[in-house]
$ cat entry_34.pdb   # PDB, C-alpha atoms, pLDDT in the B column
ATOM      1  CA  MET A  26      89.496  26.561  38.205  1.00 82.00           C
ATOM      2  CA  ARG A  27      87.189  23.780  37.016  1.00 92.00           C
ATOM      3  CA  ILE A  28      84.594  23.034  39.723  1.00 96.00           C
ATOM      4  CA  TYR A  29      82.409  19.960  39.898  1.00 96.00           C
ATOM      5  CA  LEU A  30      79.042  20.705  41.545  1.00 97.00           C
ATOM      6  CA  VAL A  31      77.810  17.636  43.433  1.00 94.00           C
ATOM      7  CA  VAL A  32      74.379  17.370  45.019  1.00 92.00           C
ATOM      8  CA  VAL A  33      74.568  15.346  48.232  1.00 88.00           C
ATOM      9  CA  ASP A  34      71.766  13.812  50.270  1.00 86.00           C
ATOM     10  CA  ASP A  35      71.348  10.726  52.488  1.00 82.00           C
ATOM     11  CA  SER A  36      71.489   8.286  49.584  1.00 85.00           C
ATOM     12  CA  PRO A  37      74.369   5.891  48.841  1.00 87.00           C
ATOM     13  CA  GLU A  38      74.441   7.096  45.227  1.00 90.00           C
ATOM     14  CA  ALA A  39      75.281  10.607  46.438  1.00 88.00           C
ATOM     15  CA  GLU A  40      78.447   9.200  48.028  1.00 87.00           C
ATOM     16  CA  ILE A  41      79.335   7.563  44.724  1.00 90.00           C
ATOM     17  CA  ALA A  42      78.809  10.835  42.826  1.00 92.00           C
ATOM     18  CA  LEU A  43      80.966  12.679  45.356  1.00 88.00           C
ATOM     19  CA  ARG A  44      83.795  10.156  45.035  1.00 88.00           C
ATOM     20  CA  PHE A  45      83.671  10.384  41.248  1.00 92.00           C
ATOM     21  CA  ALA A  46      83.686  14.202  41.303  1.00 92.00           C
ATOM     22  CA  ALA A  47      86.555  14.316  43.798  1.00 89.00           C
ATOM     23  CA  ARG A  48      88.706  11.974  41.744  1.00 88.00           C
ATOM     24  CA  ARG A  49      87.987  13.950  38.548  1.00 91.00           C
ATOM     25  CA  ALA A  50      88.805  17.207  40.334  1.00 91.00           C
ATOM     26  CA  VAL A  51      92.125  15.847  41.584  1.00 88.00           C
ATOM     27  CA  LYS A  52      93.064  14.606  38.102  1.00 89.00           C
ATOM     28  CA  THR A  53      92.096  17.862  36.378  1.00 91.00           C
ATOM     29  CA  GLY A  54      93.407  20.284  39.002  1.00 91.00           C
ATOM     30  CA  GLY A  55      89.895  21.375  39.839  1.00 93.00           C
ATOM     31  CA  GLY A  56      87.684  21.628  42.866  1.00 92.00           C
ATOM     32  CA  VAL A  57      84.392  20.369  44.249  1.00 92.00           C
ATOM     33  CA  GLU A  58      81.366  22.216  45.519  1.00 92.00           C
ATOM     34  CA  ILE A  59      78.977  20.184  47.644  1.00 88.00           C
ATOM     35  CA  LEU A  60      75.345  21.258  47.566  1.00 92.00           C
ATOM     36  CA  THR A  61      72.603  20.018  49.833  1.00 87.00           C
ATOM     37  CA  VAL A  62      69.086  21.151  49.056  1.00 87.00           C
ATOM     38  CA  LEU A  63      66.456  21.325  51.752  1.00 81.00           C
ATOM     39  CA  PRO A  64      62.962  20.980  50.324  1.00 77.00           C
ATOM     40  CA  PRO A  65      60.657  23.921  50.960  1.00 70.00           C
ATOM     41  CA  GLN A  66      58.846  23.472  54.269  1.00 59.00           C
ATOM     42  CA  GLU A  67      55.082  23.356  54.350  1.00 62.00           C
ATOM     43  CA  PHE A  68      53.556  26.266  56.189  1.00 56.00           C
ATOM     44  CA  ILE A  69      52.559  25.471  59.770  1.00 59.00           C
ATOM     45  CA  ALA A  70      50.264  27.930  61.527  1.00 56.00           C
ATOM     46  CA  PHE A  71      52.300  27.882  64.736  1.00 57.00           C
ATOM     47  CA  GLY A  72      55.504  29.831  64.031  1.00 55.00           C
ATOM     48  CA  GLY A  73      57.519  28.246  66.851  1.00 59.00           C
ATOM     49  CA  VAL A  74      56.834  24.734  65.568  1.00 53.00           C
ATOM     50  CA  GLN A  75      57.766  25.740  62.024  1.00 56.00           C
ATOM     51  CA  ALA A  76      60.999  27.353  63.199  1.00 57.00           C
ATOM     52  CA  THR A  77      61.925  24.205  65.132  1.00 57.00           C
ATOM     53  CA  ILE A  78      61.243  21.959  62.131  1.00 55.00           C
ATOM     54  CA  GLU A  79      63.288  24.204  59.841  1.00 58.00           C
ATOM     55  CA  GLU A  80      66.164  24.369  62.343  1.00 64.00           C
ATOM     56  CA  GLU A  81      66.239  20.571  62.692  1.00 60.00           C
ATOM     57  CA  ALA A  82      66.263  20.154  58.899  1.00 56.00           C
ATOM     58  CA  MET A  83      69.112  22.656  58.598  1.00 60.00           C
ATOM     59  CA  GLN A  84      71.147  20.910  61.313  1.00 65.00           C
ATOM     60  CA  HIS A  85      70.636  17.553  59.608  1.00 61.00           C
ATOM     61  CA  ALA A  86      71.724  19.003  56.238  1.00 59.00           C
ATOM     62  CA  GLU A  87      74.771  20.700  57.742  1.00 67.00           C
ATOM     63  CA  GLY A  88      75.785  17.434  59.411  1.00 68.00           C
ATOM     64  CA  LEU A  89      75.352  15.577  56.140  1.00 65.00           C
ATOM     65  CA  VAL A  90      77.482  18.071  54.230  1.00 65.00           C
ATOM     66  CA  ALA A  91      80.140  18.192  56.955  1.00 67.00           C
ATOM     67  CA  ALA A  92      80.448  14.401  56.868  1.00 67.00           C
ATOM     68  CA  ALA A  93      80.695  14.427  53.062  1.00 63.00           C
ATOM     69  CA  ALA A  94      83.326  17.167  53.173  1.00 64.00           C
ATOM     70  CA  GLY A  95      85.306  15.262  55.807  1.00 68.00           C
ATOM     71  CA  THR A  96      85.310  12.146  53.652  1.00 71.00           C
ATOM     72  CA  LEU A  97      86.388  14.197  50.653  1.00 65.00           C
ATOM     73  CA  VAL A  98      89.305  15.811  52.497  1.00 67.00           C
ATOM     74  CA  GLU A  99      90.365  12.458  53.963  1.00 71.00           C
ATOM     75  CA  GLU A 100      90.310  10.574  50.669  1.00 71.00           C
ATOM     76  CA  SER A 101      91.487  13.213  48.196  1.00 71.00           C
ATOM     77  CA  GLY A 102      92.947  16.130  50.125  1.00 76.00           C
ATOM     78  CA  LEU A 103      90.472  18.494  48.439  1.00 77.00           C
ATOM     79  CA  ARG A 104      88.733  21.125  50.548  1.00 79.00           C
ATOM     80  CA  PRO A 105      85.307  21.548  48.998  1.00 83.00           C
ATOM     81  CA  ALA A 106      83.099  24.589  48.986  1.00 84.00           C
ATOM     82  CA  ILE A 107      79.886  23.827  50.878  1.00 83.00           C
ATOM     83  CA  THR A 108      76.415  25.169  50.194  1.00 86.00           C
ATOM     84  CA  VAL A 109      73.164  24.381  51.994  1.00 84.00           C
ATOM     85  CA  ARG A 110      70.073  25.987  50.501  1.00 87.00           C
ATOM     86  CA  GLN A 111      66.359  25.615  50.945  1.00 86.00           C
ATOM     87  CA  GLY A 112      64.050  25.544  47.951  1.00 89.00           C
ATOM     88  CA  GLU A 113      63.408  23.683  44.729  1.00 92.00           C
ATOM     89  CA  GLY A 114      66.478  21.649  43.691  1.00 92.00           C
ATOM     90  CA  PRO A 115      66.489  22.350  39.946  1.00 94.00           C
ATOM     91  CA  LYS A 116      65.997  26.084  40.481  1.00 94.00           C
ATOM     92  CA  ILE A 117      68.808  26.296  43.048  1.00 95.00           C
ATOM     93  CA  ILE A 118      71.164  24.309  40.818  1.00 95.00           C
ATOM     94  CA  ARG A 119      70.471  26.561  37.826  1.00 95.00           C
ATOM     95  CA  GLU A 120      71.044  29.667  40.003  1.00 96.00           C
ATOM     96  CA  MET A 121      74.353  28.322  41.335  1.00 96.00           C
ATOM     97  CA  ILE A 122      75.628  27.444  37.871  1.00 96.00           C
ATOM     98  CA  ALA A 123      74.597  30.853  36.526  1.00 96.00           C
ATOM     99  CA  ALA A 124      76.317  32.629  39.440  1.00 96.00           C
ATOM    100  CA  ASN A 125      79.624  30.751  39.190  1.00 96.00           C
ATOM    101  CA  PRO A 126      81.289  30.473  35.759  1.00 96.00           C
ATOM    102  CA  ASP A 127      83.913  28.104  37.239  1.00 96.00           C
ATOM    103  CA  ILE A 128      81.338  25.309  37.603  1.00 97.00           C
ATOM    104  CA  ALA A 129      82.277  22.954  34.791  1.00 96.00           C
ATOM    105  CA  ALA A 130      79.850  20.080  35.417  1.00 96.00           C
ATOM    106  CA  LEU A 131      76.899  18.984  37.502  1.00 97.00           C
ATOM    107  CA  VAL A 132      77.529  15.550  39.031  1.00 96.00           C
ATOM    108  CA  LEU A 133      74.515  13.509  40.143  1.00 96.00           C
ATOM    109  CA  GLY A 134      74.230   9.972  41.452  1.00 94.00           C
ATOM    110  CA  ALA A 135      71.504   7.733  40.024  1.00 94.00           C
ATOM    111  CA  ALA A 136      69.796   5.104  42.167  1.00 92.00           C
ATOM    112  CA  PRO A 137      71.099   1.590  41.437  1.00 91.00           C
ATOM    113  CA  ALA A 138      67.583   0.308  40.691  1.00 90.00           C
ATOM    114  CA  GLY A 139      64.144   1.724  40.037  1.00 88.00           C
ATOM    115  CA  ALA A 140      63.606   5.428  39.503  1.00 87.00           C
ATOM    116  CA  PRO A 141      66.953   7.242  39.184  1.00 88.00           C
ATOM    117  CA  GLY A 142      66.003  10.113  41.508  1.00 89.00           C
ATOM    118  CA  LYS A 143      64.184  13.410  41.107  1.00 91.00           C
ATOM    119  CA  LEU A 144      67.156  15.516  40.043  1.00 92.00           C
ATOM    120  CA  VAL A 145      68.492  12.896  37.627  1.00 93.00           C
ATOM    121  CA  SER A 146      65.016  12.542  36.101  1.00 92.00           C
ATOM    122  CA  HIS A 147      64.700  16.301  35.792  1.00 91.00           C
ATOM    123  CA  PHE A 148      68.106  17.081  34.293  1.00 91.00           C
ATOM    124  CA  ALA A 149      68.168  14.009  32.046  1.00 89.00           C
ATOM    125  CA  GLY A 150      64.559  14.580  30.980  1.00 86.00           C
ATOM    126  CA  SER A 151      62.722  17.850  30.550  1.00 77.00           C
ATOM    127  CA  ASP A 152      65.737  20.052  31.304  1.00 76.00           C
ATOM    128  CA  ALA A 153      68.390  17.916  29.572  1.00 78.00           C
ATOM    129  CA  GLY A 154      69.565  20.529  27.107  1.00 85.00           C
ATOM    130  CA  ALA A 155      69.003  23.666  29.173  1.00 86.00           C
ATOM    131  CA  LEU A 156      72.130  23.797  31.343  1.00 91.00           C
ATOM    132  CA  PRO A 157      75.308  25.522  30.138  1.00 94.00           C
ATOM    133  CA  VAL A 158      77.438  22.694  31.622  1.00 96.00           C
ATOM    134  CA  PRO A 159      77.484  18.909  31.153  1.00 94.00           C
ATOM    135  CA  VAL A 160      75.507  16.714  33.517  1.00 95.00           C
ATOM    136  CA  MET A 161      77.443  13.662  34.692  1.00 95.00           C
ATOM    137  CA  ILE A 162      75.134  10.918  35.928  1.00 95.00           C
ATOM    138  CA  ILE A 163      77.024   8.364  37.974  1.00 95.00           C
ATOM    139  CA  PRO A 164      75.343   4.953  38.298  1.00 94.00           C
ATOM    140  CA  GLY A 165      74.653   4.050  41.910  1.00 92.00           C
ATOM    141  CA  SER A 166      75.595   0.435  41.246  1.00 92.00           C
ATOM    142  CA  LEU A 167      79.285   1.221  40.692  1.00 90.00           C
ATOM    143  CA  SER A 168      81.780  -0.124  43.200  1.00 89.00           C
ATOM    144  CA  ARG A 169      84.559   2.039  44.636  1.00 83.00           C
ATOM    145  CA  GLU A 170      87.011   0.206  42.398  1.00 89.00           C
ATOM    146  CA  ALA A 171      84.898   0.897  39.279  1.00 90.00           C
ATOM    147  CA  ILE A 172      84.649   4.584  40.202  1.00 86.00           C
ATOM    148  CA  ASP A 173      88.394   4.767  40.692  1.00 83.00           C
ATOM    149  CA  ARG A 174      88.995   3.098  37.331  1.00 87.00           C
ATOM    150  CA  LEU A 175      86.503   5.313  35.458  1.00 85.00           C
ATOM    151  CA  SER A 176      87.398   8.626  37.012  1.00 77.00           C
TER     152      SER A 176
END

$ encode --input "entry_34.pdb" --output "structure tokens"
Amino acid sequence: MRIYLVVVDDSPEAEIALRFAARRAVKTGGGVEILTVLPPQEFIAFGGVQATIEEEAMQHAEGLVAAAAGTLVEESGLRPAITVRQGEGPKIIREMIAANPDIAALVLGAAPAGAPGKLVSHFAGSDAGALPVPVMIIPGSLSREAIDRLS
């Protein structure tokens, strides 16, 4: 099955990328995998404080992914696979793509203005030709209607 890997965070452009991926998956008989990446935590000398910070970050990420998955199921009927990982985004994405041959594309949302985002900059810049799957960069300025028309 063709799977669209979508990286989701708190940004509006992530919602746009998810909608695009879901609509493509429905039209192609594929699926969606939602990935949220937690940045590596800085070391804090007091273990209890560090554990609390990491737990709060994980709860926030799980809530974010659950909300995205709920929206996806509601709008498209697709039940996505969900992954929450901590580490460097590009490294985690490359590992996930290498581990799952069904991933057919990486779908990223670009900010509507200014810098497009760290992952978009990375995969459209220095790592543009290194992935074994296409990278779909969805402009954050697209309306829901434009996404529906294009996907």

$ atom_distance --input "entry_34.pdb" --atom1 "CA of Ala50 in chain A" --atom2 "CA of Ile162 in chain A"
15.7 Å

$ residues_around --input "entry_34.pdb" --residues "Ala149 in chain A" --least-positions-apart "3" --cutoff "12 Å" --atoms "all atoms listed in the file" --output "PyMOL selection string"
chain A and resi 115+131-135+141-146+152-156+159-162

$ residues_around --input "entry_34.pdb" --residues "range 137-139 of chain A" --least-positions-apart "5" --cutoff "10 Å" --atoms "all atoms listed in the file" --output "PyMOL selection string"
chain A and resi 37-38+163-167

$ atom_distance --input "entry_34.pdb" --atom1 "CA of Arg104 in chain A" --atom2 "CA of Phe148 in chain A"
26.6 Å

$ atom_distance --input "entry_34.pdb" --atom1 "CA of Asp127 in chain A" --atom2 "CA of Glu58 in chain A"
10.5 Å

$ residues_near_point --input "entry_34.pdb" --point "(88.3, 22.2, 47.7)" --cutoff "9 Å" --atoms "all atoms listed in the file" --output "list in words"
Ile28, Ala47, Ala50, Gly55, Gly56, Val57, Glu58, Ala94, Leu97, Val98, Gly102, Leu103, Arg104, Pro105 and Ala106 of chain A

$ residues_around --input "entry_34.pdb" --residues "Leu63 in chain A" --least-positions-apart "4" --cutoff "7 Å" --atoms "only C-alpha atoms" --output "list in words"
Arg110, Gln111 and Gly112 of chain A

$ write_last_selection --input "entry_34.pdb" --atoms "C-alpha atoms" --output "PDB file, in the frame of the given file"
ATOM      1  CA  ARG A 110      70.073  25.987  50.501  1.00 87.00           C
ATOM      2  CA  GLN A 111      66.359  25.615  50.945  1.00 86.00           C
ATOM      3  CA  GLY A 112      64.050  25.544  47.951  1.00 89.00           C
TER       4      GLY A 112
END

$ closest_residue --input "entry_34.pdb" --among "A:Ala130, A:Val158, A:Met121, A:Ala140" --to "Thr108 in chain A" --atoms "only C-alpha atoms"
A:Met121

$ resolve_selection --input "entry_34.pdb" --expression "the PyMOL selection byres ((chain A and resi 59-61) around 6)" --output "JSON list (two decimals) with C-alpha atoms, keeping the file's coordinate frame"
[["chain", "number", "residue", "atom", "x", "y", "z"],
["A", 31, "VAL", "CA", 77.81, 17.64, 43.43],
["A", 32, "VAL", "CA", 74.38, 17.37, 45.02],
["A", 33, "VAL", "CA", 74.57, 15.35, 48.23],
["A", 58, "GLU", "CA", 81.37, 22.22, 45.52],
["A", 62, "VAL", "CA", 69.09, 21.15, 49.06],
["A", 107, "ILE", "CA", 79.89, 23.83, 50.88],
["A", 108, "THR", "CA", 76.42, 25.17, 50.19],
["A", 109, "VAL", "CA", 73.16, 24.38, 51.99]]

$ residues_around --input "entry_34.pdb" --residues "Gly54 in chain A" --least-positions-apart "5" --cutoff "9 Å" --atoms "all atoms listed in the file" --output "VMD selection string"
chain A and resid 26 to 27 49

$ closest_residue --input "entry_34.pdb" --among "A:Pro157, A:Arg119, A:Leu30, A:Ile128" --to "Phe45 in chain A" --atoms "only C-alpha atoms"
A:Leu30

$ build_atoms --input "entry_34.pdb" --residues "range 28-39 of chain A" --atoms "all heavy atoms" --output "PDB file, keeping the file's coordinate frame"
ATOM      1  N   ILE A  28      85.291  23.492  38.514  1.00 96.00           N
ATOM      2  CA  ILE A  28      84.594  23.034  39.723  1.00 96.00           C
ATOM      3  C   ILE A  28      83.499  22.050  39.329  1.00 96.00           C
ATOM      4  O   ILE A  28      82.723  22.298  38.397  1.00 96.00           O
ATOM      5  CB  ILE A  28      83.987  24.216  40.493  1.00 96.00           C
ATOM      6  CG1 ILE A  28      85.103  25.112  41.020  1.00 96.00           C
ATOM      7  CG2 ILE A  28      83.106  23.720  41.644  1.00 96.00           C
ATOM      8  CD1 ILE A  28      84.617  26.364  41.698  1.00 96.00           C
ATOM      9  N   TYR A  29      83.456  20.955  40.071  1.00 96.00           N
ATOM     10  CA  TYR A  29      82.409  19.960  39.898  1.00 96.00           C
ATOM     11  C   TYR A  29      81.373  20.193  40.998  1.00 96.00           C
ATOM     12  O   TYR A  29      81.693  20.116  42.177  1.00 96.00           O
ATOM     13  CB  TYR A  29      82.981  18.543  40.003  1.00 96.00           C
ATOM     14  CG  TYR A  29      83.919  18.216  38.866  1.00 96.00           C
ATOM     15  CD1 TYR A  29      85.279  18.495  38.974  1.00 96.00           C
ATOM     16  CD2 TYR A  29      83.454  17.664  37.685  1.00 96.00           C
ATOM     17  CE1 TYR A  29      86.148  18.231  37.924  1.00 96.00           C
ATOM     18  CE2 TYR A  29      84.314  17.392  36.627  1.00 96.00           C
ATOM     19  CZ  TYR A  29      85.665  17.675  36.763  1.00 96.00           C
ATOM     20  OH  TYR A  29      86.508  17.408  35.721  1.00 96.00           O
ATOM     21  N   LEU A  30      80.132  20.490  40.598  1.00 97.00           N
ATOM     22  CA  LEU A  30      79.042  20.705  41.545  1.00 97.00           C
ATOM     23  C   LEU A  30      78.362  19.367  41.802  1.00 97.00           C
ATOM     24  O   LEU A  30      77.859  18.727  40.872  1.00 97.00           O
ATOM     25  CB  LEU A  30      78.030  21.710  40.974  1.00 97.00           C
ATOM     26  CG  LEU A  30      76.786  21.991  41.818  1.00 97.00           C
ATOM     27  CD1 LEU A  30      77.155  22.580  43.180  1.00 97.00           C
ATOM     28  CD2 LEU A  30      75.839  22.913  41.062  1.00 97.00           C
ATOM     29  N   VAL A  31      78.379  18.928  43.062  1.00 94.00           N
ATOM     30  CA  VAL A  31      77.810  17.636  43.433  1.00 94.00           C
ATOM     31  C   VAL A  31      76.666  17.862  44.412  1.00 94.00           C
ATOM     32  O   VAL A  31      76.832  18.557  45.416  1.00 94.00           O
ATOM     33  CB  VAL A  31      78.859  16.717  44.112  1.00 94.00           C
ATOM     34  CG1 VAL A  31      78.262  15.349  44.413  1.00 94.00           C
ATOM     35  CG2 VAL A  31      80.089  16.588  43.256  1.00 94.00           C
ATOM     36  N   VAL A  32      75.526  17.274  44.124  1.00 92.00           N
ATOM     37  CA  VAL A  32      74.379  17.370  45.019  1.00 92.00           C
ATOM     38  C   VAL A  32      74.415  16.151  45.930  1.00 92.00           C
ATOM     39  O   VAL A  32      74.435  15.012  45.466  1.00 92.00           O
ATOM     40  CB  VAL A  32      73.050  17.440  44.239  1.00 92.00           C
ATOM     41  CG1 VAL A  32      71.874  17.557  45.188  1.00 92.00           C
ATOM     42  CG2 VAL A  32      73.077  18.621  43.269  1.00 92.00           C
ATOM     43  N   VAL A  33      74.431  16.410  47.244  1.00 88.00           N
ATOM     44  CA  VAL A  33      74.568  15.346  48.232  1.00 88.00           C
ATOM     45  C   VAL A  33      73.316  15.289  49.105  1.00 88.00           C
ATOM     46  O   VAL A  33      72.798  16.314  49.532  1.00 88.00           O
ATOM     47  CB  VAL A  33      75.821  15.589  49.109  1.00 88.00           C
ATOM     48  CG1 VAL A  33      75.914  14.592  50.236  1.00 88.00           C
ATOM     49  CG2 VAL A  33      77.073  15.536  48.257  1.00 88.00           C
ATOM     50  N   ASP A  34      72.860  14.063  49.333  1.00 86.00           N
ATOM     51  CA  ASP A  34      71.766  13.812  50.270  1.00 86.00           C
ATOM     52  C   ASP A  34      72.113  12.554  51.063  1.00 86.00           C
ATOM     53  O   ASP A  34      73.265  12.160  51.112  1.00 86.00           O
ATOM     54  CB  ASP A  34      70.421  13.701  49.541  1.00 86.00           C
ATOM     55  CG  ASP A  34      70.406  12.597  48.479  1.00 86.00           C
ATOM     56  OD1 ASP A  34      71.289  11.704  48.499  1.00 86.00           O
ATOM     57  OD2 ASP A  34      69.510  12.614  47.623  1.00 86.00           O
ATOM     58  N   ASP A  35      71.110  11.916  51.668  1.00 82.00           N
ATOM     59  CA  ASP A  35      71.348  10.726  52.488  1.00 82.00           C
ATOM     60  C   ASP A  35      71.562   9.443  51.686  1.00 82.00           C
ATOM     61  O   ASP A  35      71.803   8.394  52.263  1.00 82.00           O
ATOM     62  CB  ASP A  35      70.161  10.489  53.435  1.00 82.00           C
ATOM     63  CG  ASP A  35      70.110  11.504  54.552  1.00 82.00           C
ATOM     64  OD1 ASP A  35      71.181  11.905  55.036  1.00 82.00           O
ATOM     65  OD2 ASP A  35      68.995  11.894  54.944  1.00 82.00           O
ATOM     66  N   SER A  36      71.471   9.503  50.394  1.00 85.00           N
ATOM     67  CA  SER A  36      71.489   8.286  49.584  1.00 85.00           C
ATOM     68  C   SER A  36      72.913   7.779  49.328  1.00 85.00           C
ATOM     69  O   SER A  36      73.864   8.559  49.253  1.00 85.00           O
ATOM     70  CB  SER A  36      70.796   8.546  48.242  1.00 85.00           C
ATOM     71  OG  SER A  36      71.569   9.452  47.476  1.00 85.00           O
ATOM     72  N   PRO A  37      73.052   6.459  49.163  1.00 87.00           N
ATOM     73  CA  PRO A  37      74.369   5.891  48.841  1.00 87.00           C
ATOM     74  C   PRO A  37      74.895   6.378  47.489  1.00 87.00           C
ATOM     75  O   PRO A  37      76.091   6.535  47.308  1.00 87.00           O
ATOM     76  CB  PRO A  37      74.127   4.379  48.806  1.00 87.00           C
ATOM     77  CG  PRO A  37      72.808   4.146  49.450  1.00 87.00           C
ATOM     78  CD  PRO A  37      72.041   5.431  49.369  1.00 87.00           C
ATOM     79  N   GLU A  38      73.993   6.640  46.545  1.00 90.00           N
ATOM     80  CA  GLU A  38      74.441   7.096  45.227  1.00 90.00           C
ATOM     81  C   GLU A  38      75.046   8.498  45.285  1.00 90.00           C
ATOM     82  O   GLU A  38      75.893   8.855  44.463  1.00 90.00           O
ATOM     83  CB  GLU A  38      73.336   7.020  44.170  1.00 90.00           C
ATOM     84  CG  GLU A  38      72.079   7.768  44.485  1.00 90.00           C
ATOM     85  CD  GLU A  38      71.017   6.920  45.178  1.00 90.00           C
ATOM     86  OE1 GLU A  38      71.331   5.868  45.752  1.00 90.00           O
ATOM     87  OE2 GLU A  38      69.853   7.346  45.145  1.00 90.00           O
ATOM     88  N   ALA A  39      74.662   9.289  46.272  1.00 88.00           N
ATOM     89  CA  ALA A  39      75.281  10.607  46.438  1.00 88.00           C
ATOM     90  C   ALA A  39      76.749  10.455  46.825  1.00 88.00           C
ATOM     91  O   ALA A  39      77.606  11.212  46.358  1.00 88.00           O
ATOM     92  CB  ALA A  39      74.527  11.424  47.480  1.00 88.00           C
TER      93      ALA A  39
END
